[in-house]
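Structure file upload-v9.csv with CSV, C-alpha atoms:
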```csv
chain,number,residue,atom,x,y,z
J,1,MET,CA,68.8,87.9,60.2
J,2,LEU,CA,70.4,90.4,62.6
J,3,LEU,CA,67.1,90.7,64.5
J,4,LYS,CA,66.9,87.0,64.9
J,5,TRP,CA,70.5,86.9,66.2
J,6,ILE,CA,69.8,89.7,68.7
J,7,ARG,CA,66.7,87.9,69.9
J,8,LEU,CA,68.6,84.6,70.4
J,9,VAL,CA,71.4,86.3,72.3
J,10,SER,CA,68.8,88.1,74.5
J,11,ILE,CA,67.0,84.8,75.3
J,12,VAL,CA,70.3,83.1,76.2
J,13,LEU,CA,71.3,86.0,78.5
J,14,CYS,CA,67.9,85.9,80.2
J,15,LEU,CA,68.2,82.2,80.8
J,16,MET,CA,71.7,82.7,82.4
J,17,VAL,CA,70.4,85.5,84.7
J,18,ILE,CA,67.0,84.3,85.7
J,19,PRO,CA,68.1,81.3,87.8
J,20,ASN,CA,70.3,83.6,89.9
J,21,LEU,CA,67.7,86.3,90.6
J,22,SER,CA,67.2,87.4,94.2
J,23,ILE,CA,64.8,89.8,95.9
J,24,GLY,CA,66.2,92.8,97.7
J,25,ASP,CA,66.0,91.0,101.1
J,26,GLY,CA,68.3,88.2,99.9
J,27,THR,CA,65.6,85.7,99.1
J,28,HIS,CA,66.5,83.7,96.0
J,29,ILE,CA,63.9,83.0,93.3
J,30,LEU,CA,64.1,79.4,92.2
J,31,HIS,CA,63.8,78.6,88.5
J,32,ALA,CA,60.8,76.4,87.7
J,33,GLN,CA,63.0,73.8,86.0
J,34,GLN,CA,64.8,73.1,89.3
J,35,GLU,CA,61.9,71.3,90.8
J,36,ILE,CA,62.1,67.5,90.8
J,37,PRO,CA,58.8,65.8,90.1
J,38,SER,CA,57.5,63.3,92.7
J,39,TYR,CA,57.6,60.5,90.1
J,40,ALA,CA,61.3,61.1,89.2
J,41,LYS,CA,62.7,58.1,91.1
J,42,TRP,CA,60.1,55.8,89.5
J,43,GLY,CA,60.8,57.2,86.1
J,44,SER,CA,64.5,56.5,86.5
J,45,LEU,CA,63.7,53.0,87.6
J,46,ALA,CA,61.4,52.5,84.5
J,47,VAL,CA,64.2,53.6,82.2
J,48,ARG,CA,66.8,51.5,83.9
J,49,LYS,CA,64.6,48.3,83.9
J,50,THR,CA,63.6,49.0,80.3
J,51,LYS,CA,67.2,49.2,79.3
J,52,GLU,CA,67.9,45.9,81.1
J,53,ARG,CA,64.9,44.2,79.3
J,54,TYR,CA,65.7,45.7,75.9
J,55,PRO,CA,69.5,46.1,76.0
J,56,ASN,CA,69.8,46.6,72.2
J,57,ALA,CA,67.1,49.2,72.0
J,58,GLU,CA,67.5,53.0,72.0
J,59,ILE,CA,64.9,54.9,74.1
J,60,VAL,CA,63.7,57.7,71.9
J,61,ASP,CA,60.8,59.1,74.0
J,62,TYR,CA,59.5,59.1,77.6
J,63,LEU,CA,56.1,59.8,79.0
J,64,HIS,CA,54.8,59.8,82.6
J,65,ILE,CA,51.2,58.8,82.2
J,66,GLY,CA,50.2,59.3,85.8
J,67,LYS,CA,49.8,57.8,89.2
J,68,GLU,CA,47.0,55.6,90.5
J,69,TYR,CA,46.7,56.2,94.2
J,70,GLY,CA,45.6,53.3,96.5
J,71,THR,CA,45.3,53.1,100.2
J,72,LYS,CA,47.8,50.3,100.4
J,73,ILE,CA,49.3,50.0,96.8
J,74,SER,CA,49.9,52.7,94.3
J,75,THR,CA,51.0,52.5,90.7
J,76,GLU,CA,53.1,54.9,88.6
J,77,LYS,CA,52.5,54.5,84.9
J,78,PHE,CA,55.0,55.3,82.1
J,79,LYS,CA,55.3,54.8,78.4
J,80,LEU,CA,58.7,54.6,76.7
J,81,TRP,CA,59.1,54.6,72.9
J,82,LEU,CA,62.0,52.4,71.7
J,83,ARG,CA,63.9,51.9,68.5
J,84,GLN,CA,65.5,48.5,67.8
J,85,ASN,CA,66.7,47.0,64.5
J,86,GLY,CA,65.0,49.7,62.5
J,87,LYS,CA,61.6,49.0,64.3
J,88,GLU,CA,59.9,51.4,66.7
J,89,PHE,CA,57.5,50.3,69.4
J,90,GLY,CA,56.2,51.5,72.7
J,91,VAL,CA,56.4,49.9,76.1
J,92,PHE,CA,54.0,50.6,78.9
J,93,ILE,CA,55.6,50.2,82.3
J,94,ASP,CA,53.5,50.0,85.5
J,95,ILE,CA,55.4,50.2,88.8
J,96,GLN,CA,53.5,49.1,91.8
J,97,PHE,CA,54.7,50.0,95.3
J,98,GLU,CA,53.4,50.3,98.9
J,99,THR,CA,51.8,53.7,99.2
J,100,GLU,CA,53.0,54.4,102.7
J,101,THR,CA,56.6,53.1,102.5
J,102,GLU,CA,57.2,53.3,98.8
J,103,LYS,CA,58.6,49.8,98.9
J,104,LEU,CA,58.7,48.4,95.3
J,105,LEU,CA,56.3,45.5,94.8
J,106,ASP,CA,56.2,44.8,91.0
J,107,ILE,CA,57.1,46.1,87.6
J,108,LYS,CA,55.0,45.1,84.6
J,109,PHE,CA,55.9,45.7,80.9
J,110,ARG,CA,53.5,45.6,78.0
J,111,GLU,CA,54.6,46.3,74.4
J,112,THR,CA,52.4,48.3,72.0
J,113,ASP,CA,52.8,49.4,68.4
J,114,ARG,CA,51.2,52.8,69.2
```
Kindly return the structure encoded in the file as structure tokens.
Amino acid sequence: MLLKWIRLVSIVLCLMVIPNLSIGDGTHILHAQQEIPSYAKWGSLAVRKTKERYPNAEIVDYLHIGKEYGTKISTEKFKLWLRQNGKEFGVFIDIQFETETEKLLDIKFRETDR
């Protein structure tokens, strides 16, 4: 038990120190978790619009499926898992936008039981 406690404390201390590491010349090392994925704004939109569409549901899981690149129109694809009235179900969300300007064009929702 004491060994597990020491290991846990060591991990916590490392997590506190690593984000603030710097190299001798003053260059700071960034922690990998600080990077914001390119799809983050579309993921936020998918969550927000899903909450609007299903106001009584709880979002219990989130998955970025991927991006379909097009010369004029691209699509970010997500799957959210919801719980409502004791029932769980998935919702696929496709967000279409202009590739060059990232202007939102359309959001499509499709429910699934898987």
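Counting all atoms listed in the file and comparing J:Ser74, J:Ile107, J:Gln96, J:Glu35, the residue that lies closest to Val47 of chain J is J:Ile107.
Using only C-alpha atoms, the nearest neighbour of Lys108 of chain J within the list J:Ala46, J:Asn56, J:Gly86, J:Lys72 is J:Ala46.
Between atom CA of Phe78 of chain J and atom CA of Asp106 of chain J there is a distance of 13.8 Å.
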